[in-house]
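Structure file query-v1.txt (compact mmCIF, C-alpha atoms and all ligand atoms) follows.
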```txt
# COMPACT_ATOMS: atom_id res chain seq x y z
CA MET B 252 -9.72 1.53 10.49
CA ILE B 253 -8.41 -2.01 9.80
CA ASP B 254 -9.57 -4.87 12.00
CA ILE B 255 -8.42 -8.33 10.99
CA ASP B 256 -9.48 -11.40 12.93
CA ALA B 257 -8.07 -14.91 12.52
CA LEU B 258 -7.36 -14.34 8.83
CA THR B 259 -5.96 -17.29 6.88
CA VAL B 260 -5.05 -17.43 3.20
CA THR B 261 -3.97 -20.62 1.49
CA PHE B 262 -2.74 -21.18 -2.05
CA GLY B 263 -2.53 -24.93 -2.55
CA GLY B 264 0.05 -26.03 0.01
CA VAL B 265 1.25 -22.49 0.81
CA THR B 266 -0.21 -20.50 3.73
CA PRO B 267 1.08 -16.94 3.29
CA ILE B 268 -1.26 -15.66 6.04
CA ASP B 269 -1.90 -17.87 9.01
CA ARG B 270 -4.60 -16.99 11.58
CA LEU B 271 -3.57 -13.33 11.58
CA SER B 272 -5.31 -10.93 13.95
CA LEU B 273 -4.39 -7.28 13.73
CA THR B 274 -5.89 -3.86 14.41
CA LEU B 275 -4.48 -0.68 12.87
CA ASP B 276 -6.00 2.76 13.31
CA GLY B 277 -3.31 5.29 12.40
CA GLN B 278 -3.39 8.03 9.76
CA ILE B 279 -0.50 6.45 7.86
CA VAL B 280 0.18 2.82 8.73
CA GLY B 281 3.12 0.76 7.56
CA LEU B 282 3.25 -2.94 6.79
CA ILE B 283 6.75 -4.37 6.82
CA GLY B 284 8.42 -7.75 6.87
CA PRO B 285 10.93 -9.82 4.92
CA ASN B 286 10.35 -11.09 1.38
CA GLY B 287 7.51 -13.60 1.32
CA ALA B 288 6.11 -12.45 4.68
CA GLY B 289 2.60 -12.13 3.25
CA LYS B 290 2.37 -8.33 2.93
CA THR B 291 1.14 -8.18 -0.66
CA THR B 292 -1.20 -11.09 -0.02
CA LEU B 293 -2.75 -9.15 2.87
CA LEU B 294 -3.15 -6.11 0.65
CA ASN B 295 -4.76 -8.33 -1.98
CA VAL B 296 -7.24 -9.55 0.63
CA LEU B 297 -8.03 -5.98 1.73
CA SER B 298 -8.59 -4.88 -1.86
CA GLY B 299 -10.70 -7.92 -2.72
CA LEU B 300 -8.34 -9.63 -5.17
CA VAL B 301 -7.74 -12.65 -2.93
CA ARG B 302 -10.48 -14.42 -1.00
CA PRO B 303 -9.34 -15.66 2.40
CA SER B 304 -10.00 -19.25 3.42
CA ALA B 305 -10.94 -18.15 6.96
CA GLY B 306 -11.27 -15.08 9.15
CA THR B 307 -12.83 -11.64 8.87
CA VAL B 308 -11.65 -8.23 7.73
CA ARG B 309 -13.40 -5.03 8.77
CA LEU B 310 -12.53 -1.67 7.27
CA PHE B 311 -13.91 1.42 9.01
CA GLY B 312 -16.12 -0.92 11.04
CA LYS B 313 -17.67 -2.71 8.05
CA ASP B 314 -17.15 -6.41 7.32
CA ILE B 315 -15.95 -6.21 3.72
CA GLY B 316 -15.71 -9.95 3.11
CA ALA B 317 -18.74 -9.99 0.80
CA LEU B 318 -17.71 -6.92 -1.24
CA ALA B 319 -16.15 -7.50 -4.67
CA ALA B 320 -13.04 -5.47 -5.60
CA GLY B 321 -15.09 -2.97 -7.65
CA GLN B 322 -17.53 -2.43 -4.78
CA ARG B 323 -14.63 -1.71 -2.41
CA LEU B 324 -13.42 0.99 -4.80
CA GLY B 325 -16.88 2.58 -4.76
CA TRP B 326 -16.86 2.33 -0.99
CA GLY B 327 -13.60 4.31 -0.74
CA VAL B 328 -10.89 1.66 -0.61
CA THR B 329 -8.29 1.75 -3.35
CA ARG B 330 -4.80 0.36 -3.97
CA ALA B 331 -1.72 0.78 -6.12
CA PHE B 332 0.30 -2.20 -7.30
CA GLN B 333 3.98 -2.97 -6.79
CA THR B 334 4.42 -2.82 -10.58
CA PRO B 335 2.30 0.08 -11.83
CA GLN B 336 -0.65 -1.15 -13.91
CA VAL B 337 -0.47 1.58 -16.53
CA ALA B 338 -1.61 0.94 -20.10
CA ASP B 339 1.12 1.78 -22.64
CA ASP B 340 -1.31 2.97 -25.28
CA LEU B 341 -3.31 5.34 -23.06
CA THR B 342 -2.10 8.75 -21.92
CA ALA B 343 -1.37 9.48 -18.26
CA SER B 344 -4.68 11.33 -18.10
CA GLU B 345 -6.61 8.47 -19.73
CA ASN B 346 -5.02 5.95 -17.37
CA ILE B 347 -6.35 7.96 -14.44
CA GLN B 348 -9.71 8.56 -16.12
CA VAL B 349 -10.30 4.78 -16.19
CA ALA B 350 -11.08 4.83 -12.45
CA LEU B 351 -13.68 7.57 -12.91
CA ASP B 352 -15.29 5.61 -15.74
CA SER B 353 -15.54 2.53 -13.54
CA LEU B 354 -17.32 4.62 -10.88
CA GLN B 355 -19.55 6.26 -13.51
CA VAL B 356 -18.73 9.76 -12.25
CA PRO B 357 -20.74 12.39 -14.21
CA ARG B 358 -18.72 13.99 -17.01
CA ALA B 359 -18.39 17.56 -15.62
CA GLU B 360 -17.38 16.36 -12.17
CA ALA B 361 -14.99 13.84 -13.72
CA ALA B 362 -13.21 16.60 -15.68
CA THR B 363 -12.73 18.67 -12.52
CA ARG B 364 -11.51 15.74 -10.48
CA LEU B 365 -9.14 14.64 -13.24
CA ALA B 366 -7.57 18.11 -13.57
CA GLU B 367 -7.14 18.41 -9.78
CA THR B 368 -5.59 14.95 -9.55
CA LEU B 369 -3.13 15.52 -12.41
CA GLU B 370 -2.01 18.71 -10.66
CA ARG B 371 -1.74 17.01 -7.30
CA VAL B 372 0.45 14.15 -8.51
CA GLY B 373 2.60 16.48 -10.62
CA LEU B 374 1.44 15.11 -13.99
CA ALA B 375 -0.33 18.19 -15.35
CA GLY B 376 2.58 18.79 -17.75
CA HIS B 377 2.65 15.14 -18.89
CA ALA B 378 -1.09 14.50 -19.00
CA ARG B 379 -1.06 13.66 -22.72
CA ARG B 380 2.06 11.54 -22.64
CA LEU B 381 1.44 7.88 -23.46
CA GLY B 382 2.02 5.31 -20.74
CA ALA B 383 4.76 3.78 -22.90
CA HIS B 384 6.70 7.07 -22.68
CA LEU B 385 6.34 7.78 -18.96
CA ASP B 386 9.39 7.31 -16.76
CA GLY B 387 9.30 5.12 -13.64
CA PHE B 388 8.33 7.96 -11.30
CA ASP B 389 5.55 9.22 -13.55
CA LEU B 390 4.22 5.66 -13.87
CA ARG B 391 4.03 5.54 -10.06
CA MET B 392 2.32 8.93 -9.97
CA THR B 393 -0.16 7.81 -12.64
CA GLU B 394 -1.01 4.77 -10.55
CA ILE B 395 -1.38 6.87 -7.39
CA GLY B 396 -3.43 9.41 -9.37
CA ARG B 397 -5.80 6.63 -10.42
CA CYS B 398 -6.31 5.89 -6.72
CA LEU B 399 -6.71 9.53 -5.67
CA VAL B 400 -9.20 10.50 -8.34
CA THR B 401 -11.75 8.16 -6.74
CA GLY B 402 -11.73 10.29 -3.56
CA PRO B 403 -10.70 7.36 -1.34
CA LYS B 404 -11.06 7.00 2.43
CA LEU B 405 -8.13 4.57 2.36
CA ILE B 406 -5.34 4.25 -0.18
CA MET B 407 -3.07 1.21 -0.04
CA LEU B 408 0.37 1.40 -1.66
CA ASP B 409 2.63 -1.57 -2.37
CA GLU B 410 6.30 -0.50 -2.30
CA PRO B 411 5.73 2.95 -3.83
CA ALA B 412 9.29 4.10 -3.10
CA ALA B 413 11.05 1.13 -4.71
CA GLY B 414 13.62 2.28 -7.27
CA LEU B 415 12.99 6.01 -6.79
CA ALA B 416 15.82 8.56 -6.82
CA ALA B 417 16.23 10.69 -3.67
CA ALA B 418 14.39 13.73 -5.07
CA GLU B 419 11.51 11.54 -6.31
CA ARG B 420 11.28 9.85 -2.92
CA THR B 421 10.99 13.29 -1.30
CA ARG B 422 8.19 14.23 -3.70
CA LEU B 423 6.39 10.99 -2.87
CA ILE B 424 6.71 11.66 0.86
CA ASP B 425 5.39 15.22 0.45
CA LEU B 426 2.43 13.91 -1.55
CA LEU B 427 1.56 11.26 1.04
CA ARG B 428 1.87 13.70 3.95
CA GLY B 429 -0.40 16.14 2.12
CA LEU B 430 -2.99 13.43 1.49
CA SER B 431 -2.89 12.37 5.10
CA ARG B 432 -3.34 15.96 6.30
CA ALA B 433 -6.37 16.21 4.00
CA GLY B 434 -7.91 13.18 5.76
CA THR B 435 -7.06 10.22 3.53
CA ARG B 436 -5.86 7.18 5.44
CA ILE B 437 -2.84 5.43 3.95
CA LEU B 438 -1.54 1.88 4.25
CA ILE B 439 1.96 1.53 2.88
CA ILE B 440 4.13 -1.54 2.31
CA ASP B 441 7.81 -0.79 1.86
CA HIS B 442 11.25 -2.23 2.55
CA ASP B 443 12.61 1.32 3.07
CA ILE B 444 12.56 1.44 6.87
CA ASP B 445 13.61 5.10 6.98
CA LEU B 446 10.59 5.95 4.85
CA ILE B 447 8.29 3.89 7.08
CA ALA B 448 9.78 5.38 10.26
CA GLY B 449 9.44 8.93 8.92
CA LEU B 450 5.92 8.62 7.53
CA CYS B 451 3.94 6.14 9.59
CA ASP B 452 2.34 6.63 12.98
CA GLN B 453 1.62 2.89 13.28
CA VAL B 454 3.39 -0.17 11.91
CA ALA B 455 2.68 -3.90 11.70
CA VAL B 456 5.46 -6.41 11.12
CA LEU B 457 4.72 -9.73 9.43
CA ASP B 458 6.95 -12.77 9.12
CA PHE B 459 5.85 -16.01 7.43
CA GLY B 460 2.23 -14.88 7.62
CA HIS B 461 2.33 -14.24 11.35
CA LEU B 462 2.26 -10.97 13.23
CA VAL B 463 5.60 -10.19 14.88
CA ALA B 464 4.55 -6.84 16.37
CA SER B 465 2.20 -3.93 15.75
CA GLY B 466 1.45 -0.52 17.23
CA ASP B 467 3.14 2.84 17.54
CA THR B 468 6.02 3.07 15.01
CA ASP B 469 8.86 3.98 17.38
CA THR B 470 7.90 1.23 19.83
CA VAL B 471 7.57 -1.43 17.13
CA LEU B 472 10.86 -0.56 15.42
CA ALA B 473 12.66 -0.71 18.79
CA ASP B 474 11.15 -4.12 19.63
CA PRO B 475 13.92 -6.77 19.91
CA LYS B 476 11.67 -9.33 18.14
CA VAL B 477 11.36 -6.99 15.17
CA ARG B 478 15.05 -6.26 15.12
CA ALA B 479 15.83 -9.97 15.18
CA ALA B 480 13.21 -11.02 12.62
CA TYR B 481 13.62 -8.23 10.14
CA LEU B 482 15.96 -5.34 10.79
CA GLY B 483 19.22 -7.20 10.15
CA GLU B 484 21.18 -3.97 10.15
CA PHE B 485 20.57 -3.60 13.89
CA GLU B 486 22.03 -7.05 14.49
CA ASP B 487 25.12 -5.90 12.56
CA ASP B 488 25.27 -2.77 14.73
CA ASP B 489 25.15 -4.96 17.83
CA ALA B 490 27.92 -7.16 16.47
CA GLU B 491 30.03 -4.09 15.75
CA ALA B 492 29.36 -2.80 19.27
CA ARG B 493 30.41 -6.15 20.77
CA ALA B 494 33.57 -6.22 18.65
CA ALA B 495 34.54 -2.66 19.73
N1 LIG B 501 -1.00 -16.71 -6.14
C1 LIG B 501 -0.12 -17.37 -5.38
N2 LIG B 501 0.02 -18.71 -5.48
C2 LIG B 501 0.89 -19.40 -4.70
N3 LIG B 501 1.70 -18.80 -3.78
C3 LIG B 501 1.61 -17.46 -3.64
C4 LIG B 501 0.71 -16.68 -4.43
N4 LIG B 501 0.84 -15.36 -4.07
C5 LIG B 501 1.79 -15.36 -3.10
N5 LIG B 501 2.25 -16.60 -2.85
C6 LIG B 501 3.25 -16.99 -1.86
O1 LIG B 501 2.84 -16.45 -0.63
C7 LIG B 501 3.97 -16.01 0.12
C8 LIG B 501 3.79 -14.57 0.49
O2 LIG B 501 3.92 -13.76 -0.68
P1 LIG B 501 3.68 -12.17 -0.66
O3 LIG B 501 3.86 -11.70 -2.06
O4 LIG B 501 2.41 -11.87 0.02
O5 LIG B 501 4.91 -11.71 0.25
P2 LIG B 501 5.47 -10.23 0.50
O6 LIG B 501 5.63 -10.10 1.97
O7 LIG B 501 4.62 -9.22 -0.19
O8 LIG B 501 6.91 -10.32 -0.19
P3 LIG B 501 7.79 -9.22 -0.98
O9 LIG B 501 8.33 -8.28 0.06
O10 LIG B 501 8.87 -10.03 -1.60
O11 LIG B 501 6.89 -8.53 -1.99
C9 LIG B 501 5.20 -16.29 -0.73
O12 LIG B 501 5.73 -17.53 -0.33
C10 LIG B 501 4.62 -16.36 -2.13
O13 LIG B 501 5.41 -17.19 -2.96
```
How would this structure read if it were set down as structure tokens?
Amino acid sequence: MIDIDALTVTFGGVTPIDRLSLTLDGQIVGLIGPNGAGKTTLLNVLSGLVRPSAGTVRLFGKDIGALAAGQRLGWGVTRAFQTPQVADDLTASENIQVALDSLQVPRAEAATRLAETLERVGLAGHARRLGAHLDGFDLRMTEIGRCLVTGPKLIMLDEPAAGLAAAERTRLIDLLRGLSRAGTRILIIDHDIDLIAGLCDQVAVLDFGHLVASGDTDTVLADPKVRAAYLGEFEDDDAEARAA
């Protein structure tokens, strides 16, 4: 699904992604790593918001380097942002509708898709609520709804569980599992390792723009390099074990 070869991104003197090569082909894949590891930058490259200085990215076998962000959306690749991009002065429904307008979906089909999406993300009861009056969870669901309504092959989510209460987190997980069962591939960035471990069949770990490990989730999360580079809590566990 995702094949990255020798990808480099530079911003002035900063190189957040440095000759990264990575292949991921799971149903739900996780991207983890410490702050500043380059995760969001990679997602920006995949969604067409950042142009790499070198390397290639293939999605579902196609070299997408020449596709603009809007073309990627039409081609089935969509993403949600870390901070939901929801307009205050549009309703939840209108915020989702924007994606259909950009794809020029015929009116009757758009109405059906919109109603199904609002139901699916649990916003049917809040469809006419203005963005300014949506709570944090509904803002997330509006953003995810805007992705889903396009009928994506791949949906990429940047820290969708950040700041959610336990019950909201459970609803998010149920939604993502349902999407995956229905055939949508998901790439998810999150610092919540329990969420990643429970949802993802494959994981990649980045650190300073380099790949630390990738592959089957259980294997990657048990990798000593990953534990040392990222999962500080395991180091604490080891220290406690040594002290005992
Ligand atoms: N537009 C930009 N201009 C300059 N530097 C940038 C830009 N975008 C990102 N960076 C830098 O690139 C590095 C990687 O940032 P990125 O946001 O990709 O990390 P991340 O792994 O998503 O971190 P976090 O978990 O904190 O969201 C950081 O050092 C960041 O400051």
Grab all the atoms of stretch 393-407 of chain B that the file lists, wrap them in a box along x, y and z, add 5 Å per side, and give me centre plus edge lengths in Å (one decimal) as AutoDock Vina command-line options.
```
--center_x -6.0 --center_y 5.9 --center_z -5.1 --size_x 21.6 --size_y 19.3 --size_z 25.1
```
What separation in Å, quoted to one decimal, exists between atom N1 of ligand LIG 501 (chain B) and atom CA of B:Gly263? 9.1 Å
Could you list the protein, DNA and RNA residues that have any atom within 8 Å of ligand LIG 501 (chain B), counting only C-alpha atoms and all ligand atoms, and write them as a ChimeraX atom specification? /B:261-263,265-268,283-293,333,441-442,457-460
Store the residues of this selection in a file with C-alpha atoms, as a PDB file, in the frame of the given file.
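New file selection_32.pdb:
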```pdb
ATOM      1  CA  THR B 261      -3.970 -20.620   1.490  1.00  0.00           C
ATOM      2  CA  PHE B 262      -2.740 -21.180  -2.050  1.00  0.00           C
ATOM      3  CA  GLY B 263      -2.530 -24.930  -2.550  1.00  0.00           C
ATOM      4  CA  VAL B 265       1.250 -22.490   0.810  1.00  0.00           C
ATOM      5  CA  THR B 266      -0.210 -20.500   3.730  1.00  0.00           C
ATOM      6  CA  PRO B 267       1.080 -16.940   3.290  1.00  0.00           C
ATOM      7  CA  ILE B 268      -1.260 -15.660   6.040  1.00  0.00           C
ATOM      8  CA  ILE B 283       6.750  -4.370   6.820  1.00  0.00           C
ATOM      9  CA  GLY B 284       8.420  -7.750   6.870  1.00  0.00           C
ATOM     10  CA  PRO B 285      10.930  -9.820   4.920  1.00  0.00           C
ATOM     11  CA  ASN B 286      10.350 -11.090   1.380  1.00  0.00           C
ATOM     12  CA  GLY B 287       7.510 -13.600   1.320  1.00  0.00           C
ATOM     13  CA  ALA B 288       6.110 -12.450   4.680  1.00  0.00           C
ATOM     14  CA  GLY B 289       2.600 -12.130   3.250  1.00  0.00           C
ATOM     15  CA  LYS B 290       2.370  -8.330   2.930  1.00  0.00           C
ATOM     16  CA  THR B 291       1.140  -8.180  -0.660  1.00  0.00           C
ATOM     17  CA  THR B 292      -1.200 -11.090  -0.020  1.00  0.00           C
ATOM     18  CA  LEU B 293      -2.750  -9.150   2.870  1.00  0.00           C
ATOM     19  CA  GLN B 333       3.980  -2.970  -6.790  1.00  0.00           C
ATOM     20  CA  ASP B 441       7.810  -0.790   1.860  1.00  0.00           C
ATOM     21  CA  HIS B 442      11.250  -2.230   2.550  1.00  0.00           C
ATOM     22  CA  LEU B 457       4.720  -9.730   9.430  1.00  0.00           C
ATOM     23  CA  ASP B 458       6.950 -12.770   9.120  1.00  0.00           C
ATOM     24  CA  PHE B 459       5.850 -16.010   7.430  1.00  0.00           C
ATOM     25  CA  GLY B 460       2.230 -14.880   7.620  1.00  0.00           C
TER      26      GLY B 460
END
```
Using 10 Å as the limit and counting all atoms listed in the file, can you tabulate each residue of stretch 275-307 of chain B that touches stretch 385-409 of chain B, with its shortest atom-to-atom distance in Å and the two atoms involved, as CSV?
```
residue,atom,partner,partner_atom,distance
B:Gln278,CA,B:Leu405,CA,9.4
B:Ile279,CA,B:Leu405,CA,9.6
B:Val280,CA,B:Met407,CA,9.5
B:Gly281,CA,B:Leu408,CA,9.6
B:Leu282,CA,B:Asp409,CA,9.3
B:Lys290,CA,B:Asp409,CA,8.6
B:Thr291,CA,B:Asp409,CA,7.0
B:Leu294,CA,B:Met407,CA,7.4
B:Asn295,CA,B:Met407,CA,9.9
B:Leu297,CA,B:Met407,CA,8.9
B:Ser298,CA,B:Met407,CA,8.4
```
When you draw a straight line from atom CA of B:Leu318 to atom CA of B:Arg358, how long is it in Å? 26.2 Å
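Using all atoms listed in the file, the nearest neighbour of B:Leu427 within the list B:Ala413, B:Ala319, B:Leu271, B:Cys451 is B:Cys451.
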Which residues are close to stretch 452-454 of chain B, i.e. within 10 Å by only C-alpha atoms, leaving aside same-chain residues fewer than 4 positions away? Reply as number ranges by chain. B: 275-283, 438-440, 447-448, 464-472
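Considering only C-alpha atoms, the residue among B:Pro303, B:Gly382, B:Gly429, B:Gly414 positioned nearest to B:Asn346 is B:Gly382.
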Residues near B:Thr307, anyone? I mean within 7 Å using only C-alpha atoms, not counting same-chain ones fewer than 5 positions away, as a PyMOL selection string. chain B and resi 255-258+314+316
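Counting all atoms listed in the file and comparing B:Val372, B:Leu450, B:Ala362, B:Ala412, the residue that lies closest to B:Arg428 is B:Leu450.
Picture a line from atom CA of B:Asp254 to atom CA of B:Leu423; it runs 27.0 Å.
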Which residues, protein or nucleic acid, reach to within 9 Å of (1.3, 2.7, -22.1) in the file's coordinates when using only C-alpha atoms, and can you give that as number ranges by chain? B: 337-343, 346, 380-385
Using the incomplete input, complete stretch 304-325 of chain B to the level of N, CA and C atoms; output as a short mmCIF file (atom, residue, chain, number, x, y, z; two decimals), in the coordinates of the input.
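Just written: out.cif:
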```cif
data_model
loop_
_atom_site.label_atom_id
_atom_site.label_comp_id
_atom_site.auth_asym_id
_atom_site.auth_seq_id
_atom_site.Cartn_x
_atom_site.Cartn_y
_atom_site.Cartn_z
N SER B 304 -9.34 -17.97 3.14
CA SER B 304 -10.00 -19.25 3.42
C SER B 304 -10.67 -19.22 4.79
N ALA B 305 -10.28 -18.29 5.66
CA ALA B 305 -10.94 -18.15 6.96
C ALA B 305 -10.66 -16.76 7.51
N GLY B 306 -11.50 -16.35 8.45
CA GLY B 306 -11.27 -15.08 9.15
C GLY B 306 -12.10 -13.95 8.59
N THR B 307 -12.05 -12.82 9.29
CA THR B 307 -12.83 -11.64 8.87
C THR B 307 -11.93 -10.42 8.77
N VAL B 308 -12.33 -9.52 7.88
CA VAL B 308 -11.65 -8.23 7.73
C VAL B 308 -12.70 -7.15 7.79
N ARG B 309 -12.51 -6.19 8.69
CA ARG B 309 -13.40 -5.03 8.77
C ARG B 309 -12.58 -3.80 8.43
N LEU B 310 -13.15 -2.96 7.58
CA LEU B 310 -12.53 -1.67 7.27
C LEU B 310 -13.51 -0.58 7.68
N PHE B 311 -13.05 0.35 8.49
CA PHE B 311 -13.91 1.42 9.01
C PHE B 311 -15.18 0.82 9.62
N GLY B 312 -15.01 -0.32 10.31
CA GLY B 312 -16.12 -0.92 11.04
C GLY B 312 -17.00 -1.84 10.21
N LYS B 313 -16.79 -1.91 8.89
CA LYS B 313 -17.67 -2.71 8.05
C LYS B 313 -16.97 -4.01 7.65
N ASP B 314 -17.67 -5.12 7.79
CA ASP B 314 -17.15 -6.41 7.32
C ASP B 314 -17.20 -6.39 5.80
N ILE B 315 -16.00 -6.40 5.18
CA ILE B 315 -15.95 -6.21 3.72
C ILE B 315 -15.84 -7.54 2.97
N GLY B 316 -15.92 -8.64 3.72
CA GLY B 316 -15.71 -9.95 3.11
C GLY B 316 -16.58 -10.21 1.88
N ALA B 317 -17.81 -9.69 1.90
CA ALA B 317 -18.74 -9.99 0.80
C ALA B 317 -18.62 -9.00 -0.35
N LEU B 318 -17.81 -7.94 -0.18
CA LEU B 318 -17.71 -6.92 -1.24
C LEU B 318 -16.69 -7.32 -2.29
N ALA B 319 -17.08 -7.25 -3.57
CA ALA B 319 -16.15 -7.50 -4.67
C ALA B 319 -15.19 -6.31 -4.77
N ALA B 320 -14.07 -6.51 -5.50
CA ALA B 320 -13.04 -5.47 -5.60
C ALA B 320 -13.65 -4.14 -6.09
N GLY B 321 -14.49 -4.19 -7.11
CA GLY B 321 -15.09 -2.97 -7.65
C GLY B 321 -15.97 -2.26 -6.63
N GLN B 322 -16.68 -3.03 -5.82
CA GLN B 322 -17.53 -2.43 -4.78
C GLN B 322 -16.68 -1.75 -3.72
N ARG B 323 -15.51 -2.33 -3.42
CA ARG B 323 -14.63 -1.71 -2.41
C ARG B 323 -14.13 -0.36 -2.91
N LEU B 324 -13.85 -0.28 -4.21
CA LEU B 324 -13.42 0.99 -4.80
C LEU B 324 -14.51 2.03 -4.61
N GLY B 325 -15.75 1.66 -4.92
CA GLY B 325 -16.88 2.58 -4.76
C GLY B 325 -17.10 2.97 -3.31
#
```
